[in-house]
file query.txt (compact mmCIF, C-alpha atoms)
# COMPACT_ATOMS: atom_id res chain seq x y z
CA MET A 1 6.14 86.28 35.75
CA PRO A 2 9.28 84.82 37.43
CA SER A 3 12.33 86.06 35.62
CA TRP A 4 13.61 82.57 34.75
CA LYS A 5 10.58 82.05 32.54
CA ASN A 6 11.53 85.16 30.59
CA HIS A 7 14.47 83.23 29.18
CA LEU A 8 12.23 80.61 27.58
CA ASN A 9 10.58 80.65 24.16
CA ALA A 10 7.43 79.12 25.66
CA ASN A 11 6.24 77.61 28.93
CA PRO A 12 6.97 73.85 29.08
CA LEU A 13 5.62 73.33 32.61
CA PRO A 14 2.24 71.87 31.55
CA TRP A 15 4.11 69.43 29.30
CA LEU A 16 6.37 68.36 32.19
CA LEU A 17 3.41 67.78 34.48
CA ASP A 18 1.75 65.63 31.83
CA GLN A 19 4.62 63.15 31.61
CA ASP A 20 4.30 59.46 32.40
CA ALA A 21 7.68 59.40 34.17
CA PRO A 22 6.86 60.09 37.83
CA TRP A 23 10.40 61.30 38.65
CA THR A 24 9.95 64.16 36.17
CA ARG A 25 6.60 65.17 37.66
CA TYR A 26 7.94 64.78 41.20
CA ARG A 27 10.95 67.05 40.69
CA THR A 28 8.92 69.53 38.61
CA LEU A 29 6.42 69.94 41.43
CA LEU A 30 9.12 70.30 44.08
CA ASP A 31 11.85 72.22 42.31
CA LEU A 32 10.03 74.32 39.71
CA LEU A 33 6.64 74.89 41.31
CA ASP A 34 7.87 74.96 44.93
CA LYS A 35 5.29 72.50 46.19
CA SER A 36 5.87 70.95 49.61
CA GLU A 37 6.62 67.28 50.20
CA ASP A 38 3.18 66.83 51.77
CA ASP A 39 1.31 68.30 48.81
CA PRO A 40 -1.10 65.57 47.56
CA ASN A 41 0.27 65.72 44.00
CA VAL A 42 3.85 65.49 45.25
CA VAL A 43 2.97 62.55 47.51
CA ALA A 44 1.25 60.76 44.63
CA ALA A 45 4.13 61.33 42.21
CA ARG A 46 6.67 60.15 44.76
CA GLU A 47 4.73 57.01 45.60
CA GLU A 48 4.43 56.23 41.91
CA MET A 49 8.16 56.82 41.44
CA VAL A 50 9.18 54.51 44.27
CA GLU A 51 6.92 51.76 42.93
CA HIS A 52 7.99 52.19 39.31
CA HIS A 53 9.62 49.09 37.81
CA LYS A 54 12.57 51.09 36.46
CA ILE A 55 13.34 52.52 39.90
CA LYS A 56 13.02 49.11 41.53
CA GLU A 57 15.43 47.75 38.94
CA LEU A 58 17.98 50.50 39.64
CA ILE A 59 17.74 49.87 43.38
CA GLU A 60 18.15 46.12 42.90
CA GLN A 61 21.23 46.65 40.73
CA ALA A 62 22.74 49.19 43.12
CA SER A 63 22.15 46.84 46.07
CA ARG A 64 24.88 44.60 44.63
CA TRP A 65 27.52 47.18 45.57
CA PRO A 66 30.45 46.99 45.13
CA SER A 67 29.57 44.62 42.27
CA ARG A 68 32.01 44.33 39.36
CA ALA A 69 35.20 46.35 39.15
CA LEU A 70 35.28 49.81 37.65
CA THR A 71 37.89 49.80 34.88
CA ARG A 72 37.11 53.20 33.33
CA HIS A 73 35.37 56.02 35.11
CA ASN A 74 32.94 56.93 32.32
CA ASP A 75 31.51 53.42 32.11
CA ALA A 76 27.83 54.32 31.91
CA THR A 77 26.79 50.76 32.80
CA HIS A 78 28.51 50.75 36.18
CA ILE A 79 26.35 50.94 39.28
CA ILE A 80 28.30 53.89 40.68
CA HIS A 81 26.43 56.04 38.15
CA LYS A 82 23.12 54.42 39.06
CA LEU A 83 23.68 55.77 42.57
CA THR A 84 23.81 59.24 41.03
CA VAL A 85 20.55 58.78 39.15
CA LEU A 86 18.75 57.53 42.25
CA ALA A 87 20.06 60.54 44.16
CA ASP A 88 19.04 62.95 41.38
CA PHE A 89 15.51 61.57 41.30
CA GLY A 90 15.18 62.02 45.06
CA LEU A 91 15.39 58.51 46.53
CA THR A 92 16.40 58.49 50.20
CA LYS A 93 17.54 56.15 52.94
CA ASP A 94 13.92 55.63 53.97
CA ASP A 95 12.78 54.17 50.64
CA PRO A 96 12.44 50.39 50.15
CA GLY A 97 15.74 48.72 49.31
CA MET A 98 17.89 51.79 49.94
CA SER A 99 19.14 50.65 53.36
CA THR A 100 20.88 47.68 51.73
CA ILE A 101 22.71 49.94 49.27
CA ILE A 102 23.75 52.36 51.99
CA GLY A 103 24.87 49.61 54.34
CA ASN A 104 27.03 48.05 51.64
CA ILE A 105 28.71 51.37 50.89
CA LEU A 106 29.31 52.34 54.51
CA ALA A 107 30.96 48.95 55.08
CA HIS A 108 33.80 49.93 52.75
CA GLN A 109 35.49 53.09 53.97
CA SER A 110 39.25 53.40 53.60
CA PRO A 111 41.59 54.18 56.52
CA GLU A 112 42.11 57.60 54.93
CA GLY A 113 38.37 58.31 55.02
CA ALA A 114 37.33 57.94 51.38
CA PHE A 115 34.57 55.50 50.48
CA GLN A 116 35.89 52.62 48.41
CA SER A 117 34.80 51.20 45.08
CA LEU A 118 35.85 47.95 43.46
CA LEU A 119 38.62 48.94 41.06
CA GLN A 120 40.86 47.12 38.64
CA VAL A 121 44.04 49.02 37.81
CA PRO A 122 46.64 47.40 35.52
CA LYS A 123 50.13 46.79 36.90
CA ALA A 124 51.50 49.21 34.32
CA TYR A 125 49.60 52.01 36.06
CA GLY A 126 50.49 51.14 39.64
CA GLY A 127 47.73 48.66 40.40
CA SER A 128 47.84 44.97 41.05
CA GLY A 129 45.92 44.04 37.93
CA GLU A 130 43.38 42.36 40.21
CA GLU A 131 40.04 43.58 41.48
CA GLU A 132 40.51 45.44 44.77
CA LEU A 133 38.57 47.75 47.02
CA SER A 134 40.18 51.15 46.92
CA TRP A 135 39.55 54.75 45.86
CA MET A 136 40.55 57.46 43.42
CA SER A 137 39.51 61.09 43.23
CA CYS A 138 37.41 60.25 40.17
CA ASP A 139 35.14 57.78 42.01
CA ALA A 140 35.12 58.42 45.77
CA PRO A 141 33.38 61.85 45.51
CA ILE A 142 30.56 60.28 43.47
CA VAL A 143 29.82 57.87 46.30
CA LEU A 144 30.06 60.63 48.92
CA HIS A 145 27.68 62.82 46.92
CA ALA A 146 25.12 60.04 46.60
CA LEU A 147 25.20 59.22 50.32
CA SER A 148 24.67 62.88 51.21
CA ARG A 149 21.72 63.14 48.85
CA PHE A 150 20.25 59.93 50.27
CA GLY A 151 19.92 61.77 53.59
CA LEU A 152 23.14 60.87 55.41
CA LYS A 153 24.99 64.17 55.24
CA ASP A 154 25.14 64.37 59.05
CA HIS A 155 26.54 60.84 59.42
CA PRO A 156 30.02 60.86 61.06
CA ALA A 157 31.44 58.68 58.28
CA LEU A 158 30.49 61.31 55.71
CA ALA A 159 32.12 64.09 57.70
CA GLU A 160 35.30 62.00 57.76
CA ALA A 161 35.09 61.40 53.99
CA SER A 162 34.43 65.08 53.31
CA ASN A 163 37.38 66.20 55.42
CA HIS A 164 39.62 63.73 53.67
CA LEU A 165 38.41 64.96 50.29
CA ALA A 166 39.10 68.57 51.26
CA SER A 167 42.58 67.62 52.46
CA LEU A 168 43.51 66.58 48.91
CA ILE A 169 43.05 70.08 47.49
CA ARG A 170 46.01 72.02 46.15
CA GLU A 171 46.32 75.69 45.28
CA SER A 172 45.28 74.95 41.69
CA GLY A 173 42.44 72.56 42.58
CA TRP A 174 42.04 68.83 43.08
CA PRO A 175 44.73 66.72 41.39
CA CYS A 176 44.40 63.12 40.29
CA ALA A 177 44.67 61.65 43.78
CA VAL A 178 44.65 57.94 44.60
CA ALA A 179 44.87 55.61 47.57
CA PRO A 180 48.38 55.00 48.97
CA GLU A 181 48.47 51.44 47.63
CA PHE A 182 48.61 52.78 44.07
CA GLY A 183 51.97 54.37 44.70
CA ASN A 184 52.97 56.96 42.11
CA PHE A 185 49.93 56.50 39.89
CA LYS A 186 48.67 59.65 38.21
CA GLY A 187 46.28 60.41 35.39
CA PRO A 188 47.13 61.55 31.86
CA GLY A 189 47.79 65.22 32.70
CA ARG A 190 50.78 67.26 33.75
CA LYS A 191 51.99 66.60 37.28
CA ASP A 192 50.98 70.01 38.59
CA ASP A 193 47.64 70.23 36.77
CA PRO A 194 44.29 69.87 38.50
CA CYS A 195 41.89 67.31 37.07
CA PRO A 196 38.69 69.04 35.84
CA TYR A 197 36.52 65.97 36.42
CA ALA A 198 37.86 65.39 39.93
CA ASN A 199 37.18 69.06 40.72
CA LEU A 200 33.64 68.85 39.38
CA ILE A 201 32.59 65.82 41.39
CA SER A 202 34.49 66.95 44.50
CA VAL A 203 32.76 70.33 44.52
CA LYS A 204 29.47 68.54 43.92
CA ALA A 205 30.08 66.19 46.85
CA LEU A 206 30.97 68.98 49.25
CA ILE A 207 27.90 71.00 48.24
CA ALA A 208 25.64 68.01 48.85
CA GLY A 209 27.13 67.54 52.29
CA ALA A 210 26.76 71.24 53.12
CA GLY A 211 30.53 71.57 52.88
CA HIS A 212 31.28 70.05 56.32
CA ASN A 213 33.17 73.31 56.99
CA ASN A 214 35.37 72.79 53.94
CA GLN A 215 34.37 76.02 52.23
CA GLU A 216 37.93 77.01 51.27
CA ALA A 217 38.52 73.79 49.35
CA MET A 218 35.16 74.14 47.64
CA ASN A 219 35.96 77.71 46.60
CA ILE A 220 39.26 76.61 45.04
CA GLY A 221 37.49 73.86 43.10
CA VAL A 222 34.83 76.27 41.84
CA GLU A 223 37.48 78.71 40.64
CA MET A 224 39.30 75.90 38.84
CA LEU A 225 36.12 75.02 36.90
CA LEU A 226 35.41 78.64 35.97
CA THR A 227 39.03 79.24 34.98
CA HIS A 228 38.94 76.18 32.74
CA TRP A 229 36.01 77.72 30.87
CA GLU A 230 37.77 81.08 30.72
CA ARG A 231 40.94 79.55 29.25
CA GLN A 232 39.22 76.96 27.08
CA ARG A 233 41.21 77.88 23.97
CA GLU A 234 44.61 77.43 25.60
CA ARG A 235 44.86 73.65 26.01
CA LYS A 236 43.18 70.56 27.32
CA ILE A 237 43.71 69.68 30.96
CA TYR A 238 43.93 65.98 31.80
CA MET A 239 42.44 65.29 28.33
CA PHE A 240 39.40 67.43 29.18
CA GLY A 241 38.70 70.16 26.68
CA ILE A 242 35.85 72.62 26.34
CA GLY A 243 34.62 72.29 22.80
CA THR A 244 31.71 70.82 20.89
CA THR A 245 31.54 67.65 22.98
CA PHE A 246 31.55 69.59 26.25
CA ARG A 247 28.65 71.76 25.03
CA ARG A 248 26.39 68.81 24.18
CA VAL A 249 23.64 68.42 26.75
CA LYS A 250 23.79 64.96 28.27
CA TYR A 251 22.39 62.93 31.16
CA PRO A 252 23.11 60.98 33.41
CA PHE A 253 25.86 63.06 35.02
CA ILE A 254 28.65 60.65 34.25
CA TRP A 255 31.41 62.80 32.80
CA TYR A 256 32.57 66.38 32.27
CA ASP A 257 30.06 68.39 30.24
CA ILE A 258 28.13 71.65 30.38
CA LEU A 259 24.94 70.39 31.99
CA HIS A 260 26.88 68.59 34.72
CA VAL A 261 29.03 71.65 35.42
CA LEU A 262 26.07 74.04 35.48
CA GLU A 263 23.95 71.74 37.63
CA THR A 264 26.79 71.75 40.16
CA LEU A 265 27.81 75.41 40.08
CA SER A 266 24.24 76.72 39.99
CA ARG A 267 23.72 75.31 43.48
CA LEU A 268 26.09 78.01 44.76
CA PRO A 269 24.54 81.52 44.63
CA SER A 270 28.06 82.98 44.72
CA THR A 271 28.63 81.82 41.14
CA HIS A 272 25.51 83.39 39.64
CA SER A 273 27.01 86.81 38.98
CA ASP A 274 30.31 85.49 37.64
CA PRO A 275 30.60 86.38 33.91
CA ARG A 276 32.19 83.01 33.11
CA PHE A 277 29.30 81.15 34.68
CA LYS A 278 26.79 83.39 32.91
CA GLU A 279 28.44 82.63 29.56
CA MET A 280 27.88 78.92 30.14
CA VAL A 281 24.25 79.52 31.08
CA GLN A 282 23.71 81.41 27.82
CA VAL A 283 25.03 78.42 25.86
CA LEU A 284 22.39 76.29 27.57
CA ILE A 285 19.59 78.78 26.98
CA LYS A 286 20.32 78.82 23.26
CA ALA A 287 19.83 75.04 23.09
CA GLN A 288 16.05 75.23 23.66
CA ASP A 289 13.48 74.73 20.92
CA GLU A 290 10.51 76.94 20.04
CA ASN A 291 8.47 75.34 22.86
CA GLY A 292 11.04 76.04 25.56
CA ARG A 293 12.04 72.39 25.65
CA PHE A 294 15.50 70.83 25.62
CA ARG A 295 16.80 67.63 24.09
CA ALA A 296 19.90 65.54 24.57
CA GLY A 297 22.75 66.53 22.30
CA SER A 298 24.52 63.28 23.10
CA ILE A 299 23.48 60.10 24.89
CA TRP A 300 24.83 57.22 26.91
CA LEU A 301 23.72 54.08 25.08
CA ALA A 302 23.43 52.20 28.37
CA TRP A 303 20.49 54.52 29.17
CA LYS A 304 18.76 54.42 25.77
CA ASP A 305 15.54 53.05 27.27
CA TRP A 306 15.04 56.17 29.37
CA GLY A 307 13.49 59.45 28.23
CA PHE A 308 16.86 61.20 28.41
CA GLY A 309 18.55 58.43 26.41
CA GLN A 310 17.45 59.54 22.94
CA LYS A 311 18.09 62.58 20.75
CA ARG A 312 15.05 62.51 18.47
CA GLU A 313 12.60 64.36 20.69
CA PRO A 314 12.87 66.88 23.52
CA SER A 315 13.60 65.20 26.86
CA PRO A 316 11.26 66.04 29.75
CA TRP A 317 13.90 65.15 32.35
CA ILE A 318 16.64 67.21 30.69
CA THR A 319 14.16 70.06 30.29
CA MET A 320 13.36 69.91 34.00
CA LEU A 321 17.06 69.94 34.89
CA THR A 322 17.71 72.92 32.64
CA LEU A 323 14.73 74.90 33.93
CA ARG A 324 15.87 74.23 37.49
CA ILE A 325 19.28 75.70 36.69
CA LEU A 326 17.62 78.79 35.20
CA LYS A 327 15.34 79.12 38.22
CA ARG A 328 18.32 79.09 40.57
CA VAL A 329 20.14 81.71 38.53
CA TYR A 330 17.16 83.93 37.65
CA PRO A 331 14.74 83.50 40.59

call {"tool": "encode", "arguments": {"input": "query.txt", "output": "structure tokens"}}
result
Amino acid sequence: MPSWKNHLNANPLPWLLDQDAPWTRYRTLLDLLDKSEDDPNVVAAREEMVEHHKIKELIEQASRWPSRALTRHNDATHIIHKLTVLADFGLTKDDPGMSTIIGNILAHQSPEGAFQSLLQVPKAYGGSGEEELSWMSCDAPIVLHALSRFGLKDHPALAEASNHLASLIRESGWPCAVAPEFGNFKGPGRKDDPCPYANLISVKALIAGAGHNNQEAMNIGVEMLLTHWERQRERKIYMFGIGTTFRRVKYPFIWYDILHVLETLSRLPSTHSDPRFKEMVQVLIKAQDENGRFRAGSIWLAWKDWGFGQKREPSPWITMLTLRILKRVYP
């Protein structure tokens, strides 16, 4: 028996394969059972996913990019986070409707290299108070990550964005960085502090793009995340603490929490033997029920109509994500 299954109270794979949600079956077949993309069951699940009304709705909404302005970065209703969900499910540039989304994003790249979002920053914080296309280190990496996962990681524009992202790193990690037009704007932390959320999504973006030869920056970001866990009792950094809220399993990957951090770090084999990383994994393992299934400990109300948007019952999608983390760590 594969060692990752030894960490489960029971085998939930048959349950995952019996789900109505095709994205859960699709990723289970690919990521947990190692089926190939041309396997008949994989092909069927993927075709069903692409034709599913919920997926078509997400694609239609995301095609309005840049849409309305982002006023707070954990706004679960904003389409920037719908890009992430589409990427997580496995949608690519070749799927119906995706070329419109990708074209709209590529049309808005800053002179510095970062992909722009529509932002609205009050004058008191260095903005104009009006909606404007620009970037911050808490939104641009999300867009870069999504584009890489959509199948564009070798696109020259993404290499430029990745190199710009890496150029923002400091010895302590990624700070709260913003476009030049925002002047002296900075987030709510100390001037010399790294921002945990910016580090998380920046590492995630560089991993998805195969680093673009920015391994050193990625390593610094990884160490910042692990050090934050190690020193969790000392103080919050940029308002991000590691307590009860951080430990609640939650999806989509919108903010700074344990599932998001582990999903990101587990993609790097170099982290798997780190005792700090292993401590986090153990927290996740302990969250399973007697059937080896996992449920959301917290939800985003904007996603309440999805299987991961309720806390009453175990979530097939969250279970799949958790098992995939365990499979990476304990192959």

call {"tool": "closest_residue", "arguments": {"input": "query.txt", "among": "A:Leu86, A:Ile325, A:Leu265, A:Ala44", "to": "Glu57 in chain A", "atoms": "only C-alpha atoms"}}
result
A:Leu86

call {"tool": "closest_residue", "arguments": {"input": "query.txt", "among": "A:Gly183, A:Pro141, A:Pro111, A:Pro156", "to": "Ser128 in chain A", "atoms": "only C-alpha atoms"}}
result
A:Gly183

call {"tool": "axis_aligned_box", "arguments": {"input": "query.txt", "around": "range 129-145 of chain A", "padding_each_side": "4 Å", "output": "lines of an AutoDock Vina configuration file"}}
result
center_x = 36.8
center_y = 52.6
center_z = 43.4
size_x = 26.2
size_y = 28.5
size_z = 19.0

call {"tool": "closest_residue", "arguments": {"input": "query.txt", "among": "A:Ile55, A:Ile299, A:Leu70, A:Ile169", "to": "Asp257 in chain A", "atoms": "only C-alpha atoms"}}
result
A:Ile299

call {"tool": "atom_distance", "arguments": {"input": "query.txt", "atom1": "CA of Cys138 in chain A", "atom2": "CA of Phe253 in chain A"}}
result
13.0 Å

call {"tool": "residues_around", "arguments": {"input": "query.txt", "residues": "range 227-243 of chain A", "least_positions_apart": "6", "cutoff": "9 Å", "atoms": "all atoms listed in the file", "output": "MDAnalysis selection string"}}
result
chainID A and resid 176 187:190 193:197 256:258 276:277 280

call {"tool": "atom_distance", "arguments": {"input": "query.txt", "atom1": "CA of Gly126 in chain A", "atom2": "CA of Ala140 in chain A"}}
result
18.1 Å

call {"tool": "closest_atom_pairs", "arguments": {"input": "query.txt", "of": "range 93-211 of chain A", "to": "range 215-226 of chain A", "cutoff": "10 Å", "atoms": "all atoms listed in the file", "output": "JSON lines"}}
result
{"residue": "A:Asn163", "atom": "CA", "partner": "A:Ala217", "partner_atom": "CA", "distance": 9.8}
{"residue": "A:Leu165", "atom": "CA", "partner": "A:Ala217", "partner_atom": "CA", "distance": 8.9}
{"residue": "A:Ala166", "atom": "CA", "partner": "A:Ala217", "partner_atom": "CA", "distance": 5.6}
{"residue": "A:Ser167", "atom": "CA", "partner": "A:Ala217", "partner_atom": "CA", "distance": 8.0}
{"residue": "A:Leu168", "atom": "CA", "partner": "A:Ala217", "partner_atom": "CA", "distance": 8.8}
{"residue": "A:Ile169", "atom": "CA", "partner": "A:Ala217", "partner_atom": "CA", "distance": 6.1}
{"residue": "A:Arg170", "atom": "CA", "partner": "A:Ile220", "partner_atom": "CA", "distance": 8.2}
{"residue": "A:Glu171", "atom": "CA", "partner": "A:Ile220", "partner_atom": "CA", "distance": 7.1}
{"residue": "A:Ser172", "atom": "CA", "partner": "A:Met224", "partner_atom": "CA", "distance": 6.7}
{"residue": "A:Gly173", "atom": "CA", "partner": "A:Gly221", "partner_atom": "CA", "distance": 5.1}
{"residue": "A:Trp174", "atom": "CA", "partner": "A:Gly221", "partner_atom": "CA", "distance": 6.8}
{"residue": "A:Pro194", "atom": "CA", "partner": "A:Met224", "partner_atom": "CA", "distance": 7.8}
{"residue": "A:Cys195", "atom": "CA", "partner": "A:Met224", "partner_atom": "CA", "distance": 9.1}
{"residue": "A:Pro196", "atom": "CA", "partner": "A:Leu225", "partner_atom": "CA", "distance": 6.6}
{"residue": "A:Tyr197", "atom": "CA", "partner": "A:Leu225", "partner_atom": "CA", "distance": 9.1}
{"residue": "A:Ala198", "atom": "CA", "partner": "A:Gly221", "partner_atom": "CA", "distance": 9.1}
{"residue": "A:Asn199", "atom": "CA", "partner": "A:Gly221", "partner_atom": "CA", "distance": 5.4}
{"residue": "A:Leu200", "atom": "CA", "partner": "A:Leu225", "partner_atom": "CA", "distance": 7.1}
{"residue": "A:Ile201", "atom": "CA", "partner": "A:Gly221", "partner_atom": "CA", "distance": 9.6}
{"residue": "A:Ser202", "atom": "CA", "partner": "A:Gly221", "partner_atom": "CA", "distance": 7.7}
{"residue": "A:Val203", "atom": "CA", "partner": "A:Met218", "partner_atom": "CA", "distance": 5.5}
{"residue": "A:Lys204", "atom": "CA", "partner": "A:Met218", "partner_atom": "CA", "distance": 8.8}
{"residue": "A:Ala205", "atom": "CA", "partner": "A:Met218", "partner_atom": "CA", "distance": 9.5}
{"residue": "A:Leu206", "atom": "CA", "partner": "A:Met218", "partner_atom": "CA", "distance": 6.8}
{"residue": "A:Ile207", "atom": "CA", "partner": "A:Met218", "partner_atom": "CA", "distance": 7.9}
{"residue": "A:Ala210", "atom": "CA", "partner": "A:Gln215", "partner_atom": "CA", "distance": 9.0}
{"residue": "A:Gly211", "atom": "CA", "partner": "A:Gln215", "partner_atom": "CA", "distance": 5.9}

call {"tool": "atom_distance", "arguments": {"input": "query.txt", "atom1": "CA of Tyr330 in chain A", "atom2": "CA of Leu268 in chain A"}}
result
12.9 Å

call {"tool": "residues_near_point", "arguments": {"input": "query.txt", "point": "(27.8, 62.8, 55.7)", "cutoff": "10 Å", "atoms": "all atoms listed in the file", "output": "list in words"}}
result
Leu144, His145, Ala146, Leu147, Ser148, Arg149, Phe150, Gly151, Leu152, Lys153, Asp154, His155, Pro156, Ala157, Leu158, Ala159, Glu160, Ala161, Ser162, Ala205, Leu206, Ala208, Gly209, Ala210, Gly211 and His212 of chain A

call {"tool": "write_last_selection", "arguments": {"input": "query.txt", "atoms": "C-alpha atoms", "output": "mmCIF file, in the coordinates of the input"}}
result
data_model
loop_
_atom_site.group_PDB
_atom_site.id
_atom_site.type_symbol
_atom_site.label_atom_id
_atom_site.label_comp_id
_atom_site.auth_asym_id
_atom_site.auth_seq_id
_atom_site.Cartn_x
_atom_site.Cartn_y
_atom_site.Cartn_z
ATOM 1 C CA LEU A 144 30.060 60.630 48.920
ATOM 2 C CA HIS A 145 27.680 62.820 46.920
ATOM 3 C CA ALA A 146 25.120 60.040 46.600
ATOM 4 C CA LEU A 147 25.200 59.220 50.320
ATOM 5 C CA SER A 148 24.670 62.880 51.210
ATOM 6 C CA ARG A 149 21.720 63.140 48.850
ATOM 7 C CA PHE A 150 20.250 59.930 50.270
ATOM 8 C CA GLY A 151 19.920 61.770 53.590
ATOM 9 C CA LEU A 152 23.140 60.870 55.410
ATOM 10 C CA LYS A 153 24.990 64.170 55.240
ATOM 11 C CA ASP A 154 25.140 64.370 59.050
ATOM 12 C CA HIS A 155 26.540 60.840 59.420
ATOM 13 C CA PRO A 156 30.020 60.860 61.060
ATOM 14 C CA ALA A 157 31.440 58.680 58.280
ATOM 15 C CA LEU A 158 30.490 61.310 55.710
ATOM 16 C CA ALA A 159 32.120 64.090 57.700
ATOM 17 C CA GLU A 160 35.300 62.000 57.760
ATOM 18 C CA ALA A 161 35.090 61.400 53.990
ATOM 19 C CA SER A 162 34.430 65.080 53.310
ATOM 20 C CA ALA A 205 30.080 66.190 46.850
ATOM 21 C CA LEU A 206 30.970 68.980 49.250
ATOM 22 C CA ALA A 208 25.640 68.010 48.850
ATOM 23 C CA GLY A 209 27.130 67.540 52.290
ATOM 24 C CA ALA A 210 26.760 71.240 53.120
ATOM 25 C CA GLY A 211 30.530 71.570 52.880
ATOM 26 C CA HIS A 212 31.280 70.050 56.320
#

call {"tool": "residues_near_point", "arguments": {"input": "query.txt", "point": "(38.5, 57.4, 41.8)", "cutoff": "8 Å", "atoms": "only C-alpha atoms", "output": "ChimeraX atom specification"}}
result
/A:73,117,135-141,177-178

call {"tool": "closest_residue", "arguments": {"input": "query.txt", "among": "A:Trp317, A:Ser63, A:Trp4, A:Thr71", "to": "Pro22 in chain A", "atoms": "all atoms listed in the file"}}
result
A:Trp317

call {"tool": "build_atoms", "arguments": {"input": "query.txt", "residues": "range 196-213 of chain A", "atoms": "N, CA and C atoms", "output": "compact mmCIF listing (two decimals), in the coordinates of the input"}}
result
# COMPACT_ATOMS: atom_id res chain seq x y z
N PRO A 196 40.01 68.41 35.90
CA PRO A 196 38.69 69.04 35.84
C PRO A 196 37.56 68.14 36.35
N TYR A 197 37.59 66.87 35.99
CA TYR A 197 36.52 65.97 36.42
C TYR A 197 36.55 65.76 37.93
N ALA A 198 37.75 65.56 38.48
CA ALA A 198 37.86 65.39 39.93
C ALA A 198 37.37 66.64 40.66
N ASN A 199 37.67 67.82 40.11
CA ASN A 199 37.18 69.06 40.72
C ASN A 199 35.67 69.15 40.66
N LEU A 200 35.09 68.78 39.53
CA LEU A 200 33.64 68.85 39.38
C LEU A 200 32.93 67.98 40.41
N ILE A 201 33.31 66.72 40.49
CA ILE A 201 32.59 65.82 41.39
C ILE A 201 32.95 66.07 42.86
N SER A 202 34.12 66.63 43.11
CA SER A 202 34.49 66.95 44.50
C SER A 202 33.69 68.15 45.00
N VAL A 203 33.59 69.18 44.17
CA VAL A 203 32.76 70.33 44.52
C VAL A 203 31.31 69.88 44.74
N LYS A 204 30.84 69.05 43.84
CA LYS A 204 29.47 68.54 43.92
C LYS A 204 29.24 67.78 45.23
N ALA A 205 30.21 66.96 45.62
CA ALA A 205 30.08 66.19 46.85
C ALA A 205 30.05 67.08 48.08
N LEU A 206 30.92 68.09 48.10
CA LEU A 206 30.97 68.98 49.25
C LEU A 206 29.71 69.83 49.35
N ILE A 207 29.16 70.25 48.22
CA ILE A 207 27.90 71.00 48.24
C ILE A 207 26.79 70.14 48.83
N ALA A 208 26.71 68.90 48.39
CA ALA A 208 25.64 68.01 48.85
C ALA A 208 25.73 67.74 50.35
N GLY A 209 26.94 67.77 50.87
CA GLY A 209 27.13 67.54 52.29
C GLY A 209 27.19 68.82 53.09
N ALA A 210 26.74 69.92 52.47
CA ALA A 210 26.76 71.24 53.12
C ALA A 210 28.18 71.65 53.50
N GLY A 211 29.15 71.13 52.72
CA GLY A 211 30.53 71.57 52.88
C GLY A 211 31.29 70.93 54.01
N HIS A 212 30.60 70.56 55.12
CA HIS A 212 31.28 70.05 56.32
C HIS A 212 32.45 70.96 56.70
N ASN A 213 32.19 72.28 56.62
CA ASN A 213 33.17 73.31 56.99
C ASN A 213 34.41 73.29 56.10
